[in-house]
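Enquirer: run.txt (compact mmCIF, C-alpha atoms) pasted underneath:
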# COMPACT_ATOMS: atom_id res chain seq x y z
CA MET A 19 0.00 0.00 0.00
CA SER A 20 1.20 3.49 -0.81
CA LEU A 21 2.34 5.69 2.08
CA ARG A 22 1.51 9.40 2.22
CA PHE A 23 4.19 11.82 3.42
CA GLY A 24 3.66 15.17 5.09
CA VAL A 25 5.67 17.64 7.13
CA LEU A 26 4.68 18.96 10.56
CA TRP A 27 4.83 22.76 10.83
CA PRO A 28 4.89 24.02 14.45
CA PHE A 29 6.17 27.56 13.63
CA ARG A 30 8.55 27.48 16.61
CA ASN A 31 11.07 30.26 17.14
CA PRO A 32 13.34 29.32 20.08
CA GLU A 33 15.55 31.88 21.72
CA PHE A 34 18.79 30.14 20.65
CA ALA A 35 17.97 30.85 16.99
CA ARG A 36 15.35 33.60 17.20
CA VAL A 37 14.34 35.59 14.12
CA PRO A 38 11.61 38.25 13.81
CA TRP A 39 8.21 36.56 14.09
CA GLU A 40 6.95 37.89 10.74
CA GLN A 41 10.09 36.49 9.10
CA LEU A 42 9.51 33.07 10.65
CA TYR A 43 5.94 32.94 9.33
CA ARG A 44 6.94 34.14 5.87
CA THR A 45 9.80 31.64 5.49
CA HIS A 46 7.75 28.72 6.79
CA LEU A 47 4.83 29.46 4.49
CA ASP A 48 7.39 29.59 1.65
CA LEU A 49 8.72 26.20 2.79
CA ILE A 50 5.21 24.70 2.80
CA ALA A 51 4.72 25.87 -0.79
CA ASP A 52 8.15 24.34 -1.60
CA SER A 53 7.08 21.03 -0.01
CA GLU A 54 4.12 20.86 -2.38
CA ALA A 55 6.42 21.42 -5.37
CA MET A 56 8.72 18.67 -4.08
CA GLY A 57 5.86 16.14 -4.02
CA PHE A 58 4.89 15.95 -0.36
CA ASP A 59 1.24 14.96 0.11
CA ASP A 60 0.30 16.79 3.30
CA ALA A 61 1.07 19.87 5.38
CA TRP A 62 0.25 19.30 9.06
CA LEU A 63 -0.23 22.11 11.58
CA THR A 64 0.11 21.73 15.33
CA GLU A 65 -1.16 23.73 18.31
CA HIS A 66 0.04 24.81 21.74
CA HIS A 67 -0.42 27.99 23.76
CA PHE A 68 1.62 30.43 25.84
CA VAL A 69 4.95 28.85 24.85
CA ASP A 70 8.03 31.09 24.79
CA ASP A 71 9.07 29.90 21.33
CA GLY A 72 5.64 30.72 19.86
CA TYR A 73 4.57 27.11 19.19
CA SER A 74 1.68 27.95 16.84
CA PRO A 75 -1.45 28.86 18.84
CA SER A 76 -3.74 29.73 15.90
CA LEU A 77 -3.99 26.99 13.29
CA LEU A 78 -6.98 27.85 11.12
CA PRO A 79 -5.57 31.22 9.95
CA ILE A 80 -2.33 29.42 9.03
CA ALA A 81 -4.37 26.76 7.20
CA GLY A 82 -6.13 29.50 5.20
CA ALA A 83 -2.76 31.03 4.29
CA VAL A 84 -1.44 27.62 3.19
CA ALA A 85 -4.60 27.06 1.12
CA ALA A 86 -4.03 30.35 -0.68
CA ARG A 87 -0.40 29.45 -1.47
CA THR A 88 -0.97 25.89 -2.71
CA THR A 89 -3.17 23.91 -5.11
CA ARG A 90 -2.69 20.18 -4.46
CA ILE A 91 -1.27 19.43 -1.03
CA ARG A 92 -3.75 18.46 1.67
CA ILE A 93 -3.78 20.62 4.79
CA GLY A 94 -4.45 19.09 8.19
CA THR A 95 -4.24 19.81 11.90
CA PHE A 96 -2.08 17.50 14.00
CA LEU A 97 -3.85 18.64 16.06
CA VAL A 98 -6.33 21.22 17.37
CA LEU A 99 -6.71 21.09 21.16
CA LEU A 100 -10.46 20.68 20.96
CA PRO A 101 -11.46 21.26 24.63
CA LEU A 102 -10.03 24.80 24.36
CA HIS A 103 -12.28 25.72 21.42
CA ASN A 104 -15.87 26.74 20.85
CA PRO A 105 -17.16 23.87 18.66
CA VAL A 106 -19.38 26.11 16.50
CA ARG A 107 -16.49 28.50 15.82
CA LEU A 108 -14.21 25.57 14.97
CA ALA A 109 -16.79 24.04 12.61
CA GLU A 110 -17.28 27.39 10.83
CA ASP A 111 -13.55 27.96 10.49
CA THR A 112 -13.04 24.39 9.22
CA ALA A 113 -15.78 24.79 6.61
CA THR A 114 -14.30 28.12 5.49
CA VAL A 115 -10.79 26.69 5.07
CA ASP A 116 -12.27 23.69 3.26
CA LEU A 117 -13.89 26.09 0.77
CA ILE A 118 -10.78 28.27 0.35
CA SER A 119 -8.68 25.14 -0.26
CA ASN A 120 -11.21 23.61 -2.67
CA GLY A 121 -11.80 20.61 -0.41
CA ARG A 122 -8.25 19.93 0.81
CA PHE A 123 -8.68 20.36 4.57
CA GLU A 124 -8.59 17.64 7.25
CA LEU A 125 -9.42 18.33 10.89
CA GLY A 126 -7.42 16.53 13.56
CA VAL A 127 -8.42 17.07 17.18
CA GLY A 128 -6.96 16.06 20.50
CA LEU A 129 -7.33 16.35 24.24
CA GLY A 130 -4.33 18.44 25.20
CA TYR A 131 -2.39 17.83 28.39
CA ARG A 132 -0.59 20.99 29.60
CA PRO A 133 -2.36 22.30 32.73
CA ALA A 134 -1.25 25.88 31.96
CA GLU A 135 -3.24 25.83 28.72
CA PHE A 136 -6.44 24.96 30.58
CA ASP A 137 -6.51 25.97 34.24
CA ASP A 138 -4.75 29.28 33.66
CA GLN A 139 -7.56 30.49 31.43
CA GLY A 140 -10.42 29.15 33.52
CA ILE A 141 -11.04 25.85 31.71
CA PRO A 142 -10.54 23.08 34.29
CA ALA A 143 -8.10 20.50 32.93
CA ALA A 144 -10.14 17.81 34.70
CA THR A 145 -13.04 18.43 32.26
CA ARG A 146 -10.93 17.81 29.11
CA GLY A 147 -12.27 14.35 28.33
CA ALA A 148 -15.94 15.28 28.71
CA ARG A 149 -15.46 18.50 26.71
CA MET A 150 -13.65 16.56 23.99
CA THR A 151 -16.39 13.96 23.57
CA GLU A 152 -19.20 16.55 23.53
CA SER A 153 -17.44 18.96 21.17
CA ALA A 154 -16.21 16.30 18.73
CA GLU A 155 -19.78 15.10 18.13
CA ILE A 156 -21.03 18.68 17.67
CA VAL A 157 -18.28 19.58 15.18
CA GLN A 158 -18.86 16.36 13.22
CA ARG A 159 -22.61 16.99 13.01
CA LEU A 160 -22.22 20.66 12.04
CA LEU A 161 -19.70 19.83 9.32
CA SER A 162 -22.13 17.20 8.00
CA GLY A 163 -24.68 19.96 7.35
CA GLU A 164 -27.00 19.06 10.22
CA SER A 165 -29.07 21.51 12.20
CA VAL A 166 -27.90 20.89 15.74
CA THR A 167 -29.86 21.33 18.95
CA ILE A 168 -28.10 20.19 22.09
CA ASP A 169 -28.43 20.84 25.79
CA GLY A 170 -24.95 19.69 26.71
CA LYS A 171 -22.86 20.06 29.81
CA PHE A 172 -20.60 22.62 28.13
CA THR A 173 -22.47 23.68 24.98
CA LYS A 174 -26.12 24.62 24.50
CA LEU A 175 -27.27 25.06 20.89
CA LYS A 176 -30.68 25.70 19.37
CA ASN A 177 -31.16 24.86 15.67
CA ILE A 178 -27.59 25.77 14.72
CA GLN A 179 -26.61 25.09 11.12
CA ILE A 180 -23.37 26.48 9.74
CA VAL A 181 -23.44 28.49 6.50
CA PRO A 182 -21.58 28.22 4.18
CA PRO A 183 -21.14 24.46 4.54
CA ALA A 184 -17.88 22.57 4.08
CA LEU A 185 -17.16 21.42 0.54
CA GLN A 186 -16.21 17.81 1.32
CA ARG A 187 -19.01 15.32 1.94
CA PRO A 188 -20.20 13.87 4.22
CA HIS A 189 -17.73 16.20 5.99
CA PRO A 190 -13.97 16.92 5.83
CA PRO A 191 -11.93 13.95 7.08
CA MET A 192 -11.74 14.00 10.87
CA TRP A 193 -8.86 12.66 12.92
CA MET A 194 -8.29 12.19 16.63
CA GLY A 195 -4.93 12.11 18.37
CA ALA A 196 -4.53 9.82 21.35
CA ILE A 197 -1.89 8.14 23.49
CA ALA A 198 -3.80 6.47 26.35
CA PRO A 199 -5.80 3.31 25.48
CA LYS A 200 -9.06 4.94 26.63
CA ALA A 201 -8.47 7.89 24.26
CA ILE A 202 -7.57 5.54 21.39
CA GLU A 203 -10.84 3.69 22.05
CA ARG A 204 -12.71 7.02 21.85
CA ALA A 205 -11.23 7.71 18.40
CA ALA A 206 -12.34 4.29 17.14
CA ARG A 207 -15.79 4.53 18.71
CA MET A 208 -16.47 7.90 17.09
CA GLY A 209 -15.19 6.76 13.69
CA PHE A 210 -12.25 9.17 13.51
CA HIS A 211 -8.96 8.45 11.77
CA PHE A 212 -6.07 8.04 14.23
CA GLN A 213 -3.12 10.39 14.82
CA ALA A 214 -0.42 8.58 16.77
CA VAL A 215 2.79 9.63 18.47
CA GLY A 216 4.62 6.57 19.72
CA PRO A 217 5.16 2.85 19.22
CA SER A 218 3.40 0.80 16.55
CA ALA A 219 1.54 -1.13 19.26
CA MET A 220 -0.88 1.81 19.42
CA ASP A 221 -1.99 1.00 15.86
CA LYS A 222 -3.09 -2.45 17.00
CA ILE A 223 -5.13 -1.02 19.91
CA TYR A 224 -6.90 1.30 17.45
CA ASP A 225 -7.65 -1.46 14.92
CA GLU A 226 -8.93 -3.80 17.64
CA ASN A 227 -11.30 -1.09 18.83
CA LEU A 228 -12.47 -0.32 15.30
CA ARG A 229 -13.48 -3.96 14.91
CA LYS A 230 -15.12 -3.93 18.35
CA PHE A 231 -17.36 -1.07 17.18
CA GLY A 232 -18.19 -2.79 13.88
CA ARG A 233 -15.82 -0.76 11.70
CA ASP A 234 -13.42 -2.06 9.04
CA PRO A 235 -9.83 -0.86 9.69
CA ARG A 236 -9.25 -0.72 5.92
CA ASN A 237 -11.56 2.30 5.82
CA PHE A 238 -9.56 4.24 8.43
CA ASN A 239 -6.19 5.94 8.29
CA ILE A 240 -3.34 6.03 10.80
CA ALA A 241 -0.84 8.90 10.81
CA GLN A 242 2.40 8.43 12.75
CA LEU A 243 4.62 11.35 13.77
CA ARG A 244 8.36 10.79 13.47
CA ALA A 245 11.33 13.11 13.91
CA VAL A 246 12.99 13.14 10.46
CA TYR A 247 16.15 14.83 9.23
CA VAL A 248 18.24 13.58 6.31
CA ALA A 249 21.52 14.85 4.88
CA PRO A 250 24.20 13.44 2.53
CA SER A 251 26.06 11.98 5.54
CA ARG A 252 24.99 10.75 8.97
CA GLU A 253 27.47 13.08 10.62
CA GLN A 254 26.02 16.13 8.89
CA ALA A 255 22.43 15.08 9.69
CA TRP A 256 23.17 14.70 13.42
CA GLU A 257 25.26 17.89 13.60
CA LEU A 258 22.24 19.86 12.34
CA ALA A 259 19.40 17.97 14.06
CA ALA A 260 20.80 17.28 17.54
CA LYS A 261 20.32 20.72 19.14
CA PRO A 262 16.73 21.21 17.86
CA LEU A 263 15.85 17.61 18.83
CA HIS A 264 17.29 18.09 22.32
CA PHE A 265 15.34 21.33 22.73
CA MET A 266 12.11 19.71 21.57
CA ALA A 267 12.51 16.60 23.74
CA THR A 268 13.33 18.67 26.83
CA GLN A 269 10.23 20.84 26.31
CA TYR A 270 7.90 17.87 25.83
CA ALA A 271 9.38 16.09 28.87
CA LYS A 272 8.75 19.16 31.03
CA TRP A 273 5.16 19.41 29.80
CA PHE A 274 4.48 15.71 30.37
CA ALA A 275 5.88 15.98 33.90
CA GLU A 276 3.59 18.96 34.58
CA ALA A 277 0.58 17.04 33.26
CA GLY A 278 1.26 13.70 34.98
CA ASP A 279 -1.39 12.01 32.81
CA GLN A 280 0.45 8.69 32.43
CA PRO A 281 2.39 6.64 35.00
CA GLY A 282 6.05 7.62 34.75
CA ASP A 283 5.39 11.05 33.23
CA GLU A 284 7.14 12.70 36.17
CA LYS A 285 10.36 10.99 35.00
CA ALA A 286 9.95 12.00 31.35
CA GLY A 287 13.03 14.23 31.46
CA GLU A 288 15.35 11.56 32.85
CA GLY A 289 17.81 10.08 30.43
CA ILE A 290 17.53 12.67 27.66
CA PRO A 291 21.04 12.63 26.17
CA SER A 292 23.01 15.84 25.78
CA VAL A 293 23.48 17.36 22.32
CA ASP A 294 27.06 16.03 22.22
CA GLU A 295 25.91 12.53 23.24
CA MET A 296 23.31 12.52 20.47
CA ILE A 297 25.92 13.54 17.91
CA SER A 298 28.45 10.94 19.07
CA LYS A 299 25.95 8.07 19.40
CA GLN A 300 23.98 9.08 16.26
CA ALA A 301 20.82 7.84 17.93
CA PHE A 302 17.91 9.29 19.87
CA SER A 303 14.54 7.92 20.98
CA PHE A 304 11.68 10.33 20.26
CA PHE A 305 8.37 9.30 21.88
CA GLY A 306 9.60 5.74 22.16
CA GLU A 307 10.77 5.36 18.56
CA ASP A 308 14.17 6.07 17.00
CA ALA A 309 14.45 9.48 15.36
CA ILE A 310 14.94 9.10 11.60
CA VAL A 311 18.17 11.07 11.33
CA GLY A 312 20.87 10.12 8.84
CA THR A 313 21.26 9.49 5.14
CA PRO A 314 18.33 8.85 2.76
CA LYS A 315 19.31 5.15 2.86
CA ASP A 316 19.12 5.14 6.67
CA ALA A 317 15.70 6.82 6.51
CA ALA A 318 14.33 4.38 3.92
CA GLU A 319 15.44 1.39 6.01
CA MET A 320 13.86 2.77 9.18
CA ILE A 321 10.58 3.65 7.45
CA ASP A 322 10.49 0.19 5.88
CA ALA A 323 10.85 -1.30 9.37
CA TYR A 324 8.03 0.91 10.69
CA THR A 325 5.67 -0.15 7.90
CA LYS A 326 6.38 -3.81 8.70
CA ALA A 327 5.97 -3.37 12.48
CA GLY A 328 2.53 -1.79 12.33
CA ARG A 329 -0.15 -0.27 10.14
CA LEU A 330 0.28 3.31 9.02
CA THR A 331 -1.08 5.22 6.03
CA HIS A 332 0.43 8.67 6.64
CA MET A 333 3.93 9.53 7.83
CA VAL A 334 4.14 12.94 9.50
CA CYS A 335 7.74 14.14 9.37
CA ALA A 336 8.92 16.54 12.07
CA THR A 337 11.56 18.03 9.77
CA ALA A 338 10.88 21.74 10.44
CA LEU A 339 12.69 21.35 13.75
CA PRO A 340 12.69 24.31 16.16
CA GLY A 341 15.60 26.63 15.52
CA LEU A 342 16.67 24.97 12.27
CA ALA A 343 17.42 27.52 9.53
CA PRO A 344 15.01 27.49 6.56
CA HIS A 345 17.72 26.47 4.08
CA HIS A 346 18.55 23.41 6.19
CA ILE A 347 14.85 22.44 6.41
CA ARG A 348 14.52 22.86 2.64
CA ALA A 349 17.66 20.78 1.94
CA SER A 350 16.41 17.88 4.07
CA MET A 351 12.91 17.97 2.54
CA SER A 352 14.36 18.02 -0.98
CA LEU A 353 16.69 15.08 -0.36
CA PHE A 354 13.92 13.11 1.39
CA ALA A 355 11.45 13.80 -1.45
CA LYS A 356 13.89 12.71 -4.15
CA GLU A 357 15.52 9.69 -2.54
CA VAL A 358 13.15 8.32 0.14
CA MET A 359 9.52 9.02 -0.75
CA PRO A 360 9.48 7.29 -4.17
CA LYS A 361 10.32 3.94 -2.50
CA PHE A 362 7.00 4.03 -0.61
CA GLN A 363 4.62 5.82 -2.98
CA GLY A 364 2.38 3.72 -5.18
Could you express the structure from this file as structure tokens?
Expert:
Amino acid sequence: MSLRFGVLWPFRNPEFARVPWEQLYRTHLDLIADSEAMGFDDAWLTEHHFVDDGYSPSLLPIAGAVAARTTRIRIGTFLVLLPLHNPVRLAEDTATVDLISNGRFELGVGLGYRPAEFDDQGIPAATRGARMTESAEIVQRLLSGESVTIDGKFTKLKNIQIVPPALQRPHPPMWMGAIAPKAIERAARMGFHFQAVGPSAMDKIYDENLRKFGRDPRNFNIAQLRAVYVAPSREQAWELAAKPLHFMATQYAKWFAEAGDQPGDEKAGEGIPSVDEMISKQAFSFFGEDAIVGTPKDAAEMIDAYTKAGRLTHMVCATALPGLAPHHIRASMSLFAKEVMPKFQG
């Protein structure tokens, strides 16, 4: 089966490599247009809030800008933190981007986990799961063209129908990100495609739950996020990728420790190798899987192993690493598109 390839665009601007914000947005939108020309299938956008490096807080405006700059590539969110959003607003924005893009938008939603993003703006983090379930159903129904009346715990609607409607029918593809088994079960129960960050075993949990709810896994997609950076030599790839990878891993570990959602989260930061150790060992585990850093041959071998270990339909490449200069991002994307992607496409 053919594998789709996309790049994750977090629009991060860390202090160690800071540029003016307007420059960052301009260069990254240019890079997304370049990725389409190179043959990538998808551009994925990702959301956080109140982060010093500007981790993109406002995805739908970015999606509209990408739609205006491209013609073929599909544009998706990996993912919108749904419990933070008004579901009617999100449905309207999704429909609008779907129209601007001529039916190229895909909506991925997730629970979120950073307490500061919830509690600090008066949305209790403890209500995330209930908000997620209620809002996901509302957004799905609104995007399907329904008139929605609901007296929910968090949302009360009376005969709400969004106009103009989304272009794609029955609605734009909808994804759900999940890590915990209960959250993966929710994605399968609601009939959402699955956005995964972690080991291939998660794919099996999702497929088992799809079958449990009477759904055929062949009709549902799985997107896996992997850290990806390729260069002509392994040494060059690690020299460029190590500092951004270390920064990213340290940030995520801190956030997981703050959240404490999973057993062991408080120890997430233990054992992260230094930048020098990463460069010397030429290895790093990112969310429980080896980062794909090295030559195109290295990358192709690792991706081949991933496709054999579990089911995935979309590979989401974290190549626009925080602090990496645009010309280095472009060089890696170009090499990956020419020498890796063709081995897995059609």
Enquirer: Could you work out an axis-aligned bounding box for all listed atoms of range 252-265 of chain A, with 4 Å added on each of the six sides, and give its centre and edge lengths in Å to one decimal, as JSON?
Expert:
{"center_x": 21.4, "center_y": 16.0, "center_z": 15.8, "size_x": 20.1, "size_y": 18.6, "size_z": 21.8}
Enquirer: Pick the closest to Arg236 in chain A from A:Gly128, A:Ser165, A:His211, A:Ile347: which is it, counting only C-alpha atoms?
Expert: A:His211
Enquirer: Can I get the residues of range 187-254 of chain A within 12 Å of range 288-297 of chain A, each with the closest pair of atoms and their distance in Å to one decimal, using all atoms listed in the file, sorted chain first then ascending number, as CSV?
Expert:
residue,atom,partner,partner_atom,distance
A:Arg252,CA,A:Ile297,CA,9.4
A:Glu253,CA,A:Ile297,CA,7.5
A:Gln254,CA,A:Ile297,CA,9.4
Enquirer: Go ahead and compute the interatomic distance for CA of Ala355 in chain A and CA of Met56 in chain A, in Å to one decimal.
Expert: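 CA of Met56 in chain A lies at a distance of 6.2 Å from CA of Ala355 in chain A.
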Enquirer: Go through A:Ala323, A:Leu47, A:Leu330, A:Ala255 one by one, measure the shortest atom-to-atom distance of each to Arg22 in chain A using only C-alpha atoms, and give the residue with the smallest value.
Expert: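 Under the stated criterion, the closest residue is A:Leu330.
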Enquirer: Considering all atoms listed in the file, state which residue in the set A:Val115, A:Leu78, A:Val127, A:Val157 is at the smallest distance from Ala205 in chain A.
Expert: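 Answer, going by the shortest atom-to-atom distance: A:Val127.
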Enquirer: Just give me the gap between CA of Gly163 in chain A and CA of Val181 in chain A in Å, one decimal is fine.
Expert: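 Computed distance, CA of Gly163 in chain A to CA of Val181 in chain A, equals 8.7 Å.
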Enquirer: Using CA of Leu117 in chain A and CA of Ala184 in chain A as the two end points, give the distance in Å to one decimal.
Expert: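 Computing it gives 6.3 Å between the two atoms.
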Enquirer: Please provide as a count of residues only all residues within 10 Å of Gln280 in chain A, with the sequence filter that same-chain residues fewer than 5 positions apart are discarded (counting all atoms listed in the file).
Expert: 4
Enquirer: Here is a test: counting all atoms listed in the file, which residue of A:Leu108, A:Val358, A:Ala113, A:Leu49 is nearest to Ser76 in chain A?
Expert: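 Smallest distance to Ser76 in chain A is found for A:Leu108.
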Enquirer: Name all residues at most 10 Å from Pro344 in chain A (count all atoms listed in the file; drop same-chain ones fewer than 2 positions away) and give them as an mmCIF file with C-alpha atoms, in the coordinates of the input.
Expert:
data_model
loop_
_atom_site.group_PDB
_atom_site.id
_atom_site.type_symbol
_atom_site.label_atom_id
_atom_site.label_comp_id
_atom_site.auth_asym_id
_atom_site.auth_seq_id
_atom_site.Cartn_x
_atom_site.Cartn_y
_atom_site.Cartn_z
ATOM 1 C CA LEU A 42 9.510 33.070 10.650
ATOM 2 C CA THR A 45 9.800 31.640 5.490
ATOM 3 C CA HIS A 46 7.750 28.720 6.790
ATOM 4 C CA ASP A 48 7.390 29.590 1.650
ATOM 5 C CA LEU A 49 8.720 26.200 2.790
ATOM 6 C CA ALA A 338 10.880 21.740 10.440
ATOM 7 C CA LEU A 339 12.690 21.350 13.750
ATOM 8 C CA GLY A 341 15.600 26.630 15.520
ATOM 9 C CA LEU A 342 16.670 24.970 12.270
ATOM 10 C CA HIS A 346 18.550 23.410 6.190
ATOM 11 C CA ILE A 347 14.850 22.440 6.410
ATOM 12 C CA ARG A 348 14.520 22.860 2.640
ATOM 13 C CA ALA A 349 17.660 20.780 1.940
#
Enquirer: Give the answer as one residue: which of A:Gly328, A:Pro262, A:Gly195, A:Pro250 has the shortest atom-to-atom distance to Lys315 in chain A, using only C-alpha atoms?
Expert: A:Pro250
Enquirer: Rank nothing, just name the residue among A:Arg159, A:Arg132, A:Lys361, A:Lys222 nearest to His189 in chain A, using all atoms listed in the file.
Expert: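 Nearest to His189 in chain A: A:Arg159.
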Enquirer: Taking 5 positions as the minimum chain separation for residues in the same chain, which residues sit within 6 Å of Met192 in chain A when counting all atoms listed in the file? Answer as a count of residues only.
Expert: 3
Enquirer: Can you pull out every residue within 12 Å of Thr114 in chain A, counting all atoms listed in the file, but drop anything in the same chain fewer than 5 positions away, and send it as a ChimeraX atom specification?
Expert: /A:78-79,81-83,85,107-109,119-123,161,180-186,190
Enquirer: Restricting the output to C-alpha atoms, write the selected residues as a JSON list (two decimals), in the coordinates of the input.
Expert:
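File written: part-v8.json
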[["chain", "number", "residue", "atom", "x", "y", "z"],
["A", 78, "LEU", "CA", -6.98, 27.85, 11.12],
["A", 79, "PRO", "CA", -5.57, 31.22, 9.95],
["A", 81, "ALA", "CA", -4.37, 26.76, 7.20],
["A", 82, "GLY", "CA", -6.13, 29.50, 5.20],
["A", 83, "ALA", "CA", -2.76, 31.03, 4.29],
["A", 85, "ALA", "CA", -4.60, 27.06, 1.12],
["A", 107, "ARG", "CA", -16.49, 28.50, 15.82],
["A", 108, "LEU", "CA", -14.21, 25.57, 14.97],
["A", 109, "ALA", "CA", -16.79, 24.04, 12.61],
["A", 119, "SER", "CA", -8.68, 25.14, -0.26],
["A", 120, "ASN", "CA", -11.21, 23.61, -2.67],
["A", 121, "GLY", "CA", -11.80, 20.61, -0.41],
["A", 122, "ARG", "CA", -8.25, 19.93, 0.81],
["A", 123, "PHE", "CA", -8.68, 20.36, 4.57],
["A", 161, "LEU", "CA", -19.70, 19.83, 9.32],
["A", 180, "ILE", "CA", -23.37, 26.48, 9.74],
["A", 181, "VAL", "CA", -23.44, 28.49, 6.50],
["A", 182, "PRO", "CA", -21.58, 28.22, 4.18],
["A", 183, "PRO", "CA", -21.14, 24.46, 4.54],
["A", 184, "ALA", "CA", -17.88, 22.57, 4.08],
["A", 185, "LEU", "CA", -17.16, 21.42, 0.54],
["A", 186, "GLN", "CA", -16.21, 17.81, 1.32],
["A", 190, "PRO", "CA", -13.97, 16.92, 5.83]]
Enquirer: Find the residues around Val246 in chain A up to 7 Å (only C-alpha atoms counted), leave out those fewer than 6 positions away in its own chain, and share them as a list in words.
Expert: Ala309, Ile310, Val311, Cys335, Ala336 and Thr337 of chain A
Enquirer: List as a tab-separated table every residue of range 75-103 of chain A that is in contact with range 237-241 of chain A, defined as an atom at most 12 Å from one of its atoms (using all atoms listed in the file), together with the nearest atom pair and the distance in Å rounded to one decimal, sorted by chain and then rising number.
Expert:
residue	atom	partner	partner_atom	distance
A:Gly94	CA	A:Ala241	CA	11.1
A:Thr95	CA	A:Ala241	CA	11.5
A:Phe96	CA	A:Ala241	CA	9.3
A:Leu97	CA	A:Ala241	CA	11.5
Enquirer: Using all atoms listed in the file and a cutoff of 7 Å, can you tell me which residues are near (-3.9, 19.1, -1.6) in the file's coordinates, and write them out as a list in words?
Expert: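 It turns out the residues near that spot are Asp59, Asp60, Thr89, Arg90, Ile91, Arg92, Ile93 and Arg122 of chain A.
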